[in-house]
Protein chains: 2
Amino acid sequence: MSKEIPYKIYLEESEMPKQWYNVRADMKNKPAPLLNPGTHEPMTVEELSGVFCRELAEQELNDKDPYIDIPQEILDFYKMYRPSPLVRAYCLEKALGTPAKIYYKFEGNNTSGSHKLNSAIAQAYYAKKQGLKGVTTETGAGQWGTALSMACAYLGLDCKVYMVKVSYEQKPFRREVMRTYGADVTPSPSNTTNIGRKILEQFPGTTGSLGCAISEAVEVAVSSEGYRYVLGSVLSQVLLHQSVIGLETMAACDKYDIKPDVIIGCAGGGSNLGGLISPFMGRKLRGEADYEFIAVEPASCPSLTRGKYAYDFCDTGMVCPLAKMYTLGSGFIPSANHAGGLRYHGMSSVVSQLYDDGLITARSVEQTSVFEAAEKFARVEGILPAPESSHAIRVAIDEALKCKETGEEKTILFGLTGTGYFDMVAYQKYNDHEMSDYIPSDEEIAASLAKLPKF
Amino acid sequence: MSKEIPYKIYLEESEMPKQWYNVRADMKNKPAPLLNPGTHEPMTVEELSGVFCRELAEQELNDKDPYIDIPQEILDFYKMYRPSPLVRAYCLEKALGTPAKIYYKFEGNNTSGSHKLNSAIAQAYYAKKQGLKGVTTETGAGQWGTALSMACAYLGLDCKVYMVKVSYEQKPFRREVMRTYGADVTPSPSNTTNIGRKILEQFPGTTGSLGCAISEAVEVAVSSEGYRYVLGSVLSQVLLHQSVIGLETMAACDKYDIKPDVIIGCAGGGSNLGGLISPFMGRKLRGEADYEFIAVEPASCPSLTRGKYAYDFCDTGMVCPLAKMYTLGSGFIPSANHAGGLRYHGMSSVVSQLYDDGLITARSVEQTSVFEAAEKFARVEGILPAPESSHAIRVAIDEALKCKETGEEKTILFGLTGTGYFDMVAYQKYNDHEMSDYIPSDEEIAASLAKLPKF
C-alpha cells in the first residue's frame, strides 16, 4: 500500500541523517590515491595536512568506514536550511504529458542558492575546531564562495575567495552577497599571487578557470599562518559531506515507497552528483537494488564523455596533488561563451572510478537546449533553476519524453542543485536569442590532453 | 506538555488552510467603503468590475463572510511552494543573548522571492476563469511583478508590468526574471500612457512612484479589450488572499502550543502585515486571545506614523477609486535614496482602520539601522533578507533586546516576507558605508497632505 505522495516531502528533524555515507567503503575498485606531485607516491595524511585541516585530510583518505558521524554543531547548522524538499514534479509531468513520475531533490532554498553549503559548513567547522584563523578557496559560478562565506560568518572565521574572472564580471552581485557575509573576494587570475601573475603574463586577457583560481587559493593558504585551503567539489571529502543529499532523498523515497529507476545529476566536479547518488550506489554495489545513474555535463566542458581517465593536476598551477580522474587536461579553459559553473577540467575521482567501472553513464548537452529546459521548468514548476542544475533538467525531460513514446511509467529522480537568481546575464542572453553553443574541437581537446603529466 | 520545537515547522498538506480568512467580517468598525471619484458614492461591484475581475470585485466589497473557499486550482499552485516554514530563530536568540523566543514566518522560498505570489495566483486565476486575455499591474521593488509573471506563465495569461523607474534601473535582473516568465516590463513613468506622459512633462527626471505606476497600469487595463488591472497590496482582496500566511502560522503555533505575545510585520501597502495578523486579529476581536501587533514602516515613507487618516486617491493619476486610509497624499514620492519597496503613499484601509481603532501600533525605522539588522540576521540565521522584511527584523531585534534588559521571556513573531537577492545594489551601498537616511520634513509632508481631495 503506497501513501499519497505530497508535492513536497520534508523529513522530520528526527528522520534527518546523523551520519554521512562514504561510498568508497563499498566500492570494489577504490578510487586511485592522490599522488604527491614531486615523488609520485600516494599522499599521506601528514602531507595533506599542510593544505587541508587534519580531520578533512583523514576523511580524504578514508576509503574504509562506510559511515562517519556528523558533528552536532554541523547538524545544528543543517537544521537552519535542511531537510531540503524532495519534490514531486506534478506540474512538469502534466506539461510534458508523460506517464513517467518525476521527482527532484531541491537544494536551492538557502542563501548560497545551492547544495554547496552542505560541505562549506563541514569544512569551516573542522577549520574552526583546529583553531585556524581562516580559509581560502576558489569559486566559479559563485555558489561555493557564497556558501563558504556564510559558513565562515556563522563560525567567525576569515574567508578569502578567488573568483573566476568571467563569473566575477558577470555576477557583480554575487560578490556583494559574499561581502555581506564578510568575505574578501578577488577576481582570478589576479596579481596577488605568484601563479596568478604568471598566468596573467602567459595569457593576458584570460577569463580564468577554476583550475587557475584553485592554484591561487592554495598558494595563499600554504603561505599564510593559520590558514588552510578548502575546495567545494572534486574531493572525496566533499562527496562525503554531500551524501546528506542522497541520504535525505533515500529516506524520503523509502518513507513513501518511491523506487527511482533513473537518477540524474549535473556534473562539474561531481559534488552534487556524487552526493545525490552515493547511498543509492551503495545499495547497487551491495546488490540490494538497481538504478540507472546519469551524469550530465556541458558539451563545452565534457570531461567524462570526451576526456581521458588519467592522473592529472587538479589545478592549472600544478601545485596540488595529482588525482586520477576523467580530465580534459589541467590547462583546458572552457569557452567564455559557456554560462554558469560546471567549468572544471576534471572530475571527482570517486565519480570517475564509478564511471570507468560502468556503474554510471554520462551525457553532454548543449547550452541553448539547457536554457530551453530551464525556461520550461521555471514556468511550470515555479522555480528559476541555476544553469548548472538545468543540465539535469534537460536530461530528465528527455527521459520523460522517451517514456511518453514508449508508455513506460519510469520513476525519474534528479538533483535540482540550485537557483538561478544570480545568473540573469545568461538568462538575458537566452531571452534575447543571443545565446549560442560551443563545442570544443577534437584538436583542441587533444592538444590539452597532450600536456597531461607523464610518468 | 509542550512538544519540542523544531528549527522549522512545516505543516502537512492536510493541515494547510482550505479557506481564506476575511478579518473584515469580525471588525466592529468596518473599513470605510471605496468611493467613486466622480460621485463620491460607494463603489458598486458593477463599477469595480470595469477595473477588476468580477469575483475579485466581489471579494473587495465583502465585509460579511469570515471564510472564503480557496479554489482547488489555487490550492494546487500553493502546494508548489507552500506551506512556508515557521522558523524558530534559535541562532538569532543566542547571538542576542535574549530570553525571548523569536519566530519568523518565512515567505521567501519561491522564485518571486516573497509572499506576493499568494495573491498573484489568486488574481490571475480569477482573470483566467473570467476568460480574460491578460492583466496589467505595477511593481515597486519587483517582487509583485515577478510573482504575477509567474502566475500568468503558469496559467497562460498575458502580463504587462509597469515598474517604478528607480527599481527598474537598480534591479535590471528583476526585469529578466519577469521576461523569463514571459512578461512585458516597462519603466514608469513611461510615454506609453497619457498619465505617464503627463507626469514626465510635469516632473522630468522623476524616479517614479508606486502611485504613478498604478495609474499607468490602470489606464492600459481599462483601455484594452480583455484586460483587467491587478494590484499586489493595499486592497482588501489582497489581504484576504494573504491571510494564508497568518492561517498557516496560527495552525503551526497551535500545533506546537506557541503563544505569540508580539506580532510584527513590515508595512508598505499592508499586504504582508494584514495577511500575517488577520487570523490572530480575529481572535483578538472575538475576545479569544490578546496580542500586541506592530506595523513597521520606513522613516522615509511614514504613512501610519506621520500620515493622515482621510479619503485619498490610491494612485498619482487620480483615476482609481478613493480609499479612506492613512496617507501621505497621493503626490508623495519617497526619496530615491530609500532602498527597496514600502514606497507607497497610503496604507490598506483594513490596516488603517485597525490602527485607528488602536488595535495595532506602528513604528518607523531608519534605513541604515534596518540594514544593520539585516546583516546581523543574515550572518546568524543564514538567510539574506529583503530590505522590506528587514524593517520587521529591526523591530523584532529591538523587542528581543528589551526582553534581555527586563528578563521577560516574551514570544516574538515576525513576518520575514522575502529574500534580498535582487537588492544587492542597496546592500553594496551599505557594505561601502555609502548608505544614508532620509526623513521627510514636516513641511514636505504638510505640503503633500494639503493636496488631499476635499469633499
# chains A, B, ... in the order shown; residues from 1 in each chain; ligands from 1
>>> closest_atom_pairs(of="chain A", to="chain B", cutoff="8 Å", atoms="only C-alpha atoms", output="CSV")
residue,atom,partner,partner_atom,distance
A:Pro6,CA,B:Glu13,CA,6.8
A:Tyr7,CA,B:Lys79,CA,6.2
A:Lys8,CA,B:Met80,CA,7.5
A:Tyr10,CA,B:Tyr10,CA,7.7
A:Glu13,CA,B:Pro6,CA,6.8
A:Lys79,CA,B:Tyr7,CA,6.2
A:Met80,CA,B:Tyr7,CA,6.5
A:Asn109,CA,B:Asn109,CA,6.0
A:Asn110,CA,B:Ile383,CA,6.6
A:Thr111,CA,B:Ile383,CA,5.3
A:Met150,CA,B:Arg379,CA,6.6
A:Ala153,CA,B:Arg379,CA,5.6
A:Tyr154,CA,B:Val380,CA,5.6
A:Phe173,CA,B:Met424,CA,5.6
A:Glu176,CA,B:Gln428,CA,5.9
A:Val177,CA,B:Met424,CA,7.1
A:Arg179,CA,B:Asn431,CA,7.2
A:Thr180,CA,B:Asn431,CA,6.6
A:Tyr181,CA,B:Arg379,CA,6.1
A:Glu375,CA,B:Thr180,CA,6.6
A:Ala378,CA,B:Tyr181,CA,7.5
A:Arg379,CA,B:Ala153,CA,5.7
A:Val380,CA,B:Tyr154,CA,5.6
A:Glu381,CA,B:Met80,CA,7.1
A:Gly382,CA,B:Thr111,CA,6.5
A:Ile383,CA,B:Thr111,CA,5.3
A:Leu384,CA,B:Thr111,CA,6.0
A:Tyr421,CA,B:Tyr421,CA,6.9
A:Phe422,CA,B:Tyr421,CA,7.7
A:Met424,CA,B:Phe173,CA,5.6
A:Val425,CA,B:Phe173,CA,7.6
A:Tyr427,CA,B:Glu176,CA,7.0
A:Gln428,CA,B:Glu176,CA,5.9
A:Asn431,CA,B:Thr180,CA,6.6
>>> write_last_selection(atoms="N, CA, C and O atoms", output="tab-separated table (two decimals), in the first residue's frame")
chain	number	residue	atom	x	y	z
A	6	PRO	N	2.82	13.70	-1.33
A	6	PRO	CA	2.61	15.15	-1.34
A	6	PRO	C	3.50	15.81	-2.40
A	6	PRO	O	4.44	15.19	-2.90
A	7	TYR	N	3.17	17.05	-2.75
A	7	TYR	CA	4.00	17.78	-3.70
A	7	TYR	C	5.44	17.85	-3.21
A	7	TYR	O	6.37	17.71	-3.98
A	8	LYS	N	5.57	18.10	-1.92
A	8	LYS	CA	6.92	18.24	-1.38
A	8	LYS	C	7.04	17.39	-0.13
A	8	LYS	O	6.20	17.48	0.75
A	10	TYR	N	9.06	16.77	3.14
A	10	TYR	CA	10.05	17.25	4.10
A	10	TYR	C	10.18	16.19	5.19
A	10	TYR	O	9.18	15.83	5.81
A	13	GLU	N	12.72	16.45	11.65
A	13	GLU	CA	14.09	16.59	12.17
A	13	GLU	C	14.64	15.24	12.65
A	13	GLU	O	15.80	14.92	12.43
A	79	LYS	N	20.11	22.17	10.33
A	79	LYS	CA	18.69	22.37	10.67
A	79	LYS	C	18.17	23.74	10.23
A	79	LYS	O	16.98	23.93	10.10
A	80	MET	N	19.09	24.69	10.02
A	80	MET	CA	18.65	26.02	9.58
A	80	MET	C	18.10	25.98	8.16
A	80	MET	O	17.27	26.80	7.79
A	109	ASN	N	17.00	26.18	-1.63
A	109	ASN	CA	16.33	27.04	-0.64
A	109	ASN	C	17.23	27.48	0.51
A	109	ASN	O	16.92	27.30	1.67
A	110	ASN	N	18.36	28.04	0.15
A	110	ASN	CA	19.20	28.69	1.17
A	110	ASN	C	19.93	29.81	0.45
A	110	ASN	O	20.01	29.84	-0.78
A	111	THR	N	20.49	30.74	1.21
A	111	THR	CA	21.02	31.96	0.59
A	111	THR	C	22.20	31.69	-0.34
A	111	THR	O	22.40	32.43	-1.30
A	150	MET	N	29.08	32.22	4.07
A	150	MET	CA	28.02	32.06	5.06
A	150	MET	C	28.50	31.22	6.24
A	150	MET	O	28.27	31.56	7.40
A	153	ALA	N	31.03	33.20	8.28
A	153	ALA	CA	30.39	34.26	9.07
A	153	ALA	C	29.75	33.65	10.31
A	153	ALA	O	29.84	34.19	11.41
A	154	TYR	N	29.12	32.51	10.13
A	154	TYR	CA	28.43	31.84	11.24
A	154	TYR	C	29.41	31.43	12.34
A	154	TYR	O	29.12	31.55	13.52
A	173	PHE	N	26.81	40.96	-8.26
A	173	PHE	CA	26.02	40.90	-7.03
A	173	PHE	C	26.40	39.71	-6.16
A	173	PHE	O	26.19	39.72	-4.96
A	176	GLU	N	28.79	40.94	-3.79
A	176	GLU	CA	28.18	41.69	-2.68
A	176	GLU	C	27.57	40.77	-1.64
A	176	GLU	O	27.59	41.08	-0.45
A	177	VAL	N	27.01	39.66	-2.07
A	177	VAL	CA	26.49	38.72	-1.08
A	177	VAL	C	27.65	38.21	-0.22
A	177	VAL	O	27.57	38.21	1.02
A	179	ARG	N	30.47	39.67	0.35
A	179	ARG	CA	30.94	40.76	1.20
A	179	ARG	C	30.00	40.99	2.38
A	179	ARG	O	30.44	41.28	3.49
A	180	THR	N	28.69	40.84	2.12
A	180	THR	CA	27.73	40.99	3.22
A	180	THR	C	28.00	39.96	4.30
A	180	THR	O	27.81	40.21	5.49
A	181	TYR	N	28.50	38.81	3.88
A	181	TYR	CA	28.88	37.78	4.85
A	181	TYR	C	30.34	37.92	5.28
A	181	TYR	O	30.92	37.02	5.88
A	375	GLU	N	13.78	27.23	-18.90
A	375	GLU	CA	12.62	28.11	-19.03
A	375	GLU	C	11.32	27.33	-18.87
A	375	GLU	O	10.40	27.75	-18.17
A	378	ALA	N	10.93	26.45	-15.22
A	378	ALA	CA	10.59	27.64	-14.41
A	378	ALA	C	9.11	27.96	-14.53
A	378	ALA	O	8.44	28.27	-13.55
A	379	ARG	N	8.61	27.90	-15.76
A	379	ARG	CA	7.23	28.32	-15.97
A	379	ARG	C	6.20	27.36	-15.37
A	379	ARG	O	5.14	27.80	-14.95
A	380	VAL	N	6.51	26.07	-15.35
A	380	VAL	CA	5.51	25.15	-14.80
A	380	VAL	C	5.76	24.76	-13.36
A	380	VAL	O	4.82	24.51	-12.61
A	381	GLU	N	7.02	24.74	-12.93
A	381	GLU	CA	7.31	24.32	-11.55
A	381	GLU	C	7.56	25.51	-10.62
A	381	GLU	O	7.72	25.34	-9.42
A	382	GLY	N	7.65	26.72	-11.22
A	382	GLY	CA	7.73	27.90	-10.38
A	382	GLY	C	9.12	28.25	-9.86
A	382	GLY	O	9.30	29.28	-9.25
A	383	ILE	N	10.09	27.40	-10.11
A	383	ILE	CA	11.45	27.66	-9.60
A	383	ILE	C	12.36	28.02	-10.76
A	383	ILE	O	12.42	27.30	-11.76
A	384	LEU	N	13.06	29.14	-10.65
A	384	LEU	CA	14.02	29.54	-11.67
A	384	LEU	C	15.33	28.82	-11.38
A	384	LEU	O	16.02	29.14	-10.43
A	421	TYR	N	19.08	32.90	-9.54
A	421	TYR	CA	18.85	34.33	-9.31
A	421	TYR	C	20.05	35.19	-9.65
A	421	TYR	O	19.91	36.38	-9.93
A	422	PHE	N	21.25	34.62	-9.60
A	422	PHE	CA	22.45	35.40	-9.92
A	422	PHE	C	22.96	35.08	-11.32
A	422	PHE	O	24.09	35.39	-11.65
A	424	MET	N	21.23	35.96	-14.17
A	424	MET	CA	20.31	36.62	-15.08
A	424	MET	C	21.00	37.18	-16.33
A	424	MET	O	20.33	37.41	-17.34
A	425	VAL	N	22.32	37.36	-16.29
A	425	VAL	CA	23.03	37.76	-17.51
A	425	VAL	C	22.89	36.65	-18.55
A	425	VAL	O	22.61	36.90	-19.73
A	427	TYR	N	20.50	34.30	-18.56
A	427	TYR	CA	19.09	34.22	-18.96
A	427	TYR	C	18.74	35.34	-19.94
A	427	TYR	O	17.98	35.14	-20.89
A	428	GLN	N	19.31	36.53	-19.70
A	428	GLN	CA	19.05	37.65	-20.61
A	428	GLN	C	19.52	37.31	-22.02
A	428	GLN	O	18.81	37.54	-23.00
A	431	ASN	N	17.00	35.02	-23.37
A	431	ASN	CA	15.76	35.75	-23.69
A	431	ASN	C	15.92	36.58	-24.97
A	431	ASN	O	14.96	36.75	-25.72
>>> residues_around(residues="Glu201 (chain B)", least_positions_apart="5", cutoff="12 Å", atoms="only C-alpha atoms", output="PDB file with C-alpha atoms, in the first residue's frame")
ATOM      1  CA  PRO B 189       6.534  56.804 -15.694  1.00  0.00           C
ATOM      2  CA  SER B 190       6.646  55.942 -19.392  1.00  0.00           C
ATOM      3  CA  ASN B 191       5.432  57.560 -22.573  1.00  0.00           C
ATOM      4  CA  ASN B 194      -1.454  59.520 -21.219  1.00  0.00           C
ATOM      5  CA  ILE B 195      -0.867  59.758 -17.486  1.00  0.00           C
ATOM      6  CA  GLY B 196       2.777  58.698 -17.878  1.00  0.00           C
ATOM      7  CA  THR B 206      11.345  61.694 -11.644  1.00  0.00           C
TER       8      THR B 206
END
>>> residues_around(residues="Met250 (chain A)", least_positions_apart="3", cutoff="8 Å", atoms="only C-alpha atoms", output="list in words")
Gly246, Leu247, Cys253, Asp254, Pro279 and Phe280 of chain A
>>> write_last_selection(atoms="C-alpha atoms", output="PDB file, in the first residue's frame")
ATOM      1  CA  GLY A 246      21.303  11.349  -1.120  1.00  0.00           C
ATOM      2  CA  LEU A 247      20.629  10.113   2.413  1.00  0.00           C
ATOM      3  CA  CYS A 253      11.809   7.642  -1.001  1.00  0.00           C
ATOM      4  CA  ASP A 254      11.705   4.779   1.472  1.00  0.00           C
ATOM      5  CA  PRO A 279      23.684   5.942  -0.881  1.00  0.00           C
ATOM      6  CA  PHE A 280      21.773   4.588  -3.887  1.00  0.00           C
TER       7      PHE A 280
END
>>> select_by_dssp(residues="region 47-107 of chain B", states="strand (DSSP E or B)", output="JSON, numbers by chain")
{"B": [67, 68, 69, 86, 87, 88, 101, 102, 103, 104, 105, 106]}
>>> write_last_selection(atoms="N, CA, C and O atoms", output="PDB file, in the first residue's frame")
ATOM      1  N   TYR B  67     -15.104  33.451   6.113  1.00  0.00           N
ATOM      2  CA  TYR B  67     -14.262  32.486   5.392  1.00  0.00           C
ATOM      3  C   TYR B  67     -14.685  32.380   3.936  1.00  0.00           C
ATOM      4  O   TYR B  67     -15.884  32.362   3.634  1.00  0.00           O
ATOM      5  N   ILE B  68     -13.721  32.316   3.049  1.00  0.00           N
ATOM      6  CA  ILE B  68     -13.994  32.179   1.618  1.00  0.00           C
ATOM      7  C   ILE B  68     -13.154  31.020   1.102  1.00  0.00           C
ATOM      8  O   ILE B  68     -11.927  30.972   1.334  1.00  0.00           O
ATOM      9  N   ASP B  69     -13.816  30.074   0.429  1.00  0.00           N
ATOM     10  CA  ASP B  69     -13.116  28.888  -0.063  1.00  0.00           C
ATOM     11  C   ASP B  69     -11.996  29.262  -1.032  1.00  0.00           C
ATOM     12  O   ASP B  69     -12.186  30.109  -1.912  1.00  0.00           O
ATOM     13  N   LEU B  86       7.525  28.036   9.414  1.00  0.00           N
ATOM     14  CA  LEU B  86       7.598  28.906  10.594  1.00  0.00           C
ATOM     15  C   LEU B  86       8.903  28.521  11.287  1.00  0.00           C
ATOM     16  O   LEU B  86       9.081  27.367  11.689  1.00  0.00           O
ATOM     17  N   VAL B  87       9.822  29.484  11.370  1.00  0.00           N
ATOM     18  CA  VAL B  87      11.171  29.166  11.819  1.00  0.00           C
ATOM     19  C   VAL B  87      11.414  29.672  13.229  1.00  0.00           C
ATOM     20  O   VAL B  87      11.054  30.810  13.556  1.00  0.00           O
ATOM     21  N   ARG B  88      11.980  28.842  14.053  1.00  0.00           N
ATOM     22  CA  ARG B  88      12.424  29.283  15.374  1.00  0.00           C
ATOM     23  C   ARG B  88      13.838  29.830  15.215  1.00  0.00           C
ATOM     24  O   ARG B  88      14.744  29.097  14.786  1.00  0.00           O
ATOM     25  N   LYS B 101      11.740  34.302  22.957  1.00  0.00           N
ATOM     26  CA  LYS B 101      11.675  33.275  21.916  1.00  0.00           C
ATOM     27  C   LYS B 101      11.259  33.978  20.634  1.00  0.00           C
ATOM     28  O   LYS B 101      10.241  34.662  20.599  1.00  0.00           O
ATOM     29  N   ILE B 102      12.054  33.808  19.587  1.00  0.00           N
ATOM     30  CA  ILE B 102      11.774  34.523  18.341  1.00  0.00           C
ATOM     31  C   ILE B 102      11.385  33.530  17.247  1.00  0.00           C
ATOM     32  O   ILE B 102      12.078  32.537  17.027  1.00  0.00           O
ATOM     33  N   TYR B 103      10.299  33.818  16.572  1.00  0.00           N
ATOM     34  CA  TYR B 103       9.851  33.009  15.441  1.00  0.00           C
ATOM     35  C   TYR B 103       9.655  33.909  14.231  1.00  0.00           C
ATOM     36  O   TYR B 103       9.275  35.071  14.377  1.00  0.00           O
ATOM     37  N   TYR B 104       9.929  33.365  13.044  1.00  0.00           N
ATOM     38  CA  TYR B 104       9.537  34.116  11.854  1.00  0.00           C
ATOM     39  C   TYR B 104       8.888  33.206  10.829  1.00  0.00           C
ATOM     40  O   TYR B 104       9.255  32.055  10.670  1.00  0.00           O
ATOM     41  N   LYS B 105       7.893  33.760  10.175  1.00  0.00           N
ATOM     42  CA  LYS B 105       7.229  33.050   9.083  1.00  0.00           C
ATOM     43  C   LYS B 105       7.933  33.490   7.818  1.00  0.00           C
ATOM     44  O   LYS B 105       7.869  34.668   7.426  1.00  0.00           O
ATOM     45  N   PHE B 106       8.611  32.542   7.154  1.00  0.00           N
ATOM     46  CA  PHE B 106       9.479  32.884   6.029  1.00  0.00           C
ATOM     47  C   PHE B 106       8.779  32.630   4.692  1.00  0.00           C
ATOM     48  O   PHE B 106       8.532  31.491   4.315  1.00  0.00           O
TER      49      PHE B 106
END
>>> residues_around(residues="Glu107 (chain B)", least_positions_apart="6", cutoff="9 Å", atoms="only C-alpha atoms", output="list of chain:residue names")
B:Arg82, B:Ser84, B:Pro85, B:Gly113, B:Ser114, B:His115, B:Lys116, B:Ile245, B:Gly415, B:Leu416, B:Thr417, B:Gly418, B:Thr419
>>> select_by_dssp(residues="region 64-264 of chain A", states="alpha helix (DSSP H)", output="number ranges by chain")
A: 72-81, 90-96, 117-129, 143-155, 165-170, 172-180, 194-202, 210-222, 236-255
>>> write_last_selection(atoms="C-alpha atoms", output="JSON list (two decimals), in the first residue's frame")
[["chain", "number", "residue", "atom", "x", "y", "z"],
["A", 72, "GLN", "CA", 26.43, 18.12, 16.47],
["A", 73, "GLU", "CA", 27.42, 21.71, 15.52],
["A", 74, "ILE", "CA", 27.06, 20.80, 11.83],
["A", 75, "LEU", "CA", 23.73, 19.03, 12.48],
["A", 76, "ASP", "CA", 22.52, 22.24, 14.15],
["A", 77, "PHE", "CA", 23.59, 24.34, 11.16],
["A", 78, "TYR", "CA", 21.95, 21.85, 8.78],
["A", 79, "LYS", "CA", 18.69, 22.37, 10.67],
["A", 80, "MET", "CA", 18.65, 26.02, 9.58],
["A", 81, "TYR", "CA", 18.11, 25.07, 5.93],
["A", 90, "TYR", "CA", 3.33, 17.01, -10.86],
["A", 91, "CYS", "CA", 3.13, 20.16, -12.98],
["A", 92, "LEU", "CA", 6.09, 19.27, -15.19],
["A", 93, "GLU", "CA", 4.70, 15.76, -15.72],
["A", 94, "LYS", "CA", 1.38, 17.26, -16.78],
["A", 95, "ALA", "CA", 3.01, 19.79, -19.10],
["A", 96, "LEU", "CA", 5.03, 17.03, -20.78],
["A", 117, "LEU", "CA", 26.52, 24.85, 1.87],
["A", 118, "ASN", "CA", 26.46, 21.18, 2.96],
["A", 119, "SER", "CA", 30.22, 20.87, 2.59],
["A", 120, "ALA", "CA", 31.08, 24.52, 3.33],
["A", 121, "ILE", "CA", 29.83, 24.28, 6.90],
["A", 122, "ALA", "CA", 31.61, 20.97, 7.39],
["A", 123, "GLN", "CA", 34.96, 22.27, 6.14],
["A", 124, "ALA", "CA", 34.63, 25.55, 8.05],
["A", 125, "TYR", "CA", 33.70, 23.64, 11.19],
["A", 126, "TYR", "CA", 36.84, 21.49, 11.10],
["A", 127, "ALA", "CA", 38.97, 24.57, 10.42],
["A", 128, "LYS", "CA", 37.47, 26.31, 13.43],
["A", 129, "LYS", "CA", 37.90, 23.20, 15.58],
["A", 143, "GLN", "CA", 27.70, 29.39, -5.14],
["A", 144, "TRP", "CA", 30.60, 27.76, -3.37],
["A", 145, "GLY", "CA", 32.14, 31.11, -2.41],
["A", 146, "THR", "CA", 28.80, 32.31, -1.08],
["A", 147, "ALA", "CA", 28.29, 29.10, 0.84],
["A", 148, "LEU", "CA", 31.73, 29.28, 2.39],
["A", 149, "SER", "CA", 31.24, 32.96, 3.28],
["A", 150, "MET", "CA", 28.02, 32.06, 5.06],
["A", 151, "ALA", "CA", 29.63, 29.20, 6.98],
["A", 152, "CYS", "CA", 32.62, 31.37, 7.96],
["A", 153, "ALA", "CA", 30.39, 34.26, 9.07],
["A", 154, "TYR", "CA", 28.43, 31.84, 11.24],
["A", 155, "LEU", "CA", 31.57, 30.47, 12.87],
["A", 165, "LYS", "CA", 37.17, 36.34, -13.54],
["A", 166, "VAL", "CA", 34.39, 35.67, -16.04],
["A", 167, "SER", "CA", 31.95, 34.99, -13.20],
["A", 168, "TYR", "CA", 33.25, 37.92, -11.17],
["A", 169, "GLU", "CA", 32.41, 40.20, -14.07],
["A", 170, "GLN", "CA", 29.09, 38.56, -14.99],
["A", 172, "PRO", "CA", 28.79, 41.56, -9.54],
["A", 173, "PHE", "CA", 26.02, 40.90, -7.03],
["A", 174, "ARG", "CA", 27.48, 37.56, -6.02],
["A", 175, "ARG", "CA", 30.48, 39.48, -4.76],
["A", 176, "GLU", "CA", 28.18, 41.69, -2.68],
["A", 177, "VAL", "CA", 26.49, 38.72, -1.08],
["A", 178, "MET", "CA", 29.90, 37.35, -0.10],
["A", 179, "ARG", "CA", 30.94, 40.76, 1.20],
["A", 180, "THR", "CA", 27.73, 40.99, 3.22],
["A", 194, "ASN", "CA", 52.88, 34.28, -7.97],
["A", 195, "ILE", "CA", 50.85, 31.81, -10.00],
["A", 196, "GLY", "CA", 48.26, 34.50, -10.83],
["A", 197, "ARG", "CA", 50.93, 36.86, -12.10],
["A", 198, "LYS", "CA", 52.50, 34.04, -14.15],
["A", 199, "ILE", "CA", 49.19, 33.11, -15.77],
["A", 200, "LEU", "CA", 48.33, 36.75, -16.50],
["A", 201, "GLU", "CA", 51.70, 37.13, -18.21],
["A", 202, "GLN", "CA", 51.23, 33.97, -20.25],
["A", 210, "LEU", "CA", 38.54, 27.03, -11.77],
["A", 211, "GLY", "CA", 41.90, 25.31, -12.08],
["A", 212, "CYS", "CA", 43.67, 28.65, -12.02],
["A", 213, "ALA", "CA", 41.64, 30.04, -9.12],
["A", 214, "ILE", "CA", 42.42, 26.88, -7.14],
["A", 215, "SER", "CA", 46.15, 27.46, -7.62],
["A", 216, "GLU", "CA", 45.89, 30.99, -6.30],
["A", 217, "ALA", "CA", 43.82, 29.98, -3.27],
["A", 218, "VAL", "CA", 46.20, 27.13, -2.42],
["A", 219, "GLU", "CA", 49.22, 29.41, -2.74],
["A", 220, "VAL", "CA", 47.71, 31.90, -0.30],
["A", 221, "ALA", "CA", 46.70, 29.15, 2.15],
["A", 222, "VAL", "CA", 50.09, 27.48, 2.34],
["A", 236, "SER", "CA", 36.28, 12.73, -1.81],
["A", 237, "GLN", "CA", 35.65, 14.56, 1.47],
["A", 238, "VAL", "CA", 33.24, 16.87, -0.35],
["A", 239, "LEU", "CA", 31.32, 13.93, -1.79],
["A", 240, "LEU", "CA", 31.20, 12.51, 1.72],
["A", 241, "HIS", "CA", 29.59, 15.69, 3.10],
["A", 242, "GLN", "CA", 27.25, 15.94, 0.12],
["A", 243, "SER", "CA", 25.99, 12.42, 0.81],
["A", 244, "VAL", "CA", 23.50, 14.17, 3.09],
["A", 245, "ILE", "CA", 21.57, 14.98, -0.11],
["A", 246, "GLY", "CA", 21.30, 11.35, -1.12],
["A", 247, "LEU", "CA", 20.63, 10.11, 2.41],
["A", 248, "GLU", "CA", 17.70, 12.50, 2.85],
["A", 249, "THR", "CA", 16.44, 11.59, -0.60],
["A", 250, "MET", "CA", 16.63, 7.89, 0.13],
["A", 251, "ALA", "CA", 14.88, 8.29, 3.49],
["A", 252, "ALA", "CA", 12.07, 10.23, 1.79],
["A", 253, "CYS", "CA", 11.81, 7.64, -1.00],
["A", 254, "ASP", "CA", 11.71, 4.78, 1.47],
["A", 255, "LYS", "CA", 9.09, 6.54, 3.59]]
>>> residues_around(residues="Leu48 (chain B)", least_positions_apart="5", cutoff="9 Å", atoms="only C-alpha atoms", output="PyMOL selection string")
chain B and resi 43+53-54+56-58+60+321
>>> residues_around(residues="region 335-350 of chain A", least_positions_apart="3", cutoff="6 Å", atoms="only C-alpha atoms", output="list in words")
Pro31, Gly140, Ala141, Leu210, Val234, Gly268, Gly269, Gly270, Ser303, Met325, Tyr326, Thr327, Leu328, Ser330, Phe332, Gln353, Pro387 and Glu388 of chain A
>>> atom_distance(atom1="CA of Val135 (chain A)", atom2="CA of Arg228 (chain A)")
5.0 Å
>>> closest_residue(among="B:Leu34, B:Arg283, B:Gly142, B:Val230", to="Ala386 (chain B)", atoms="only C-alpha atoms")
B:Gly142
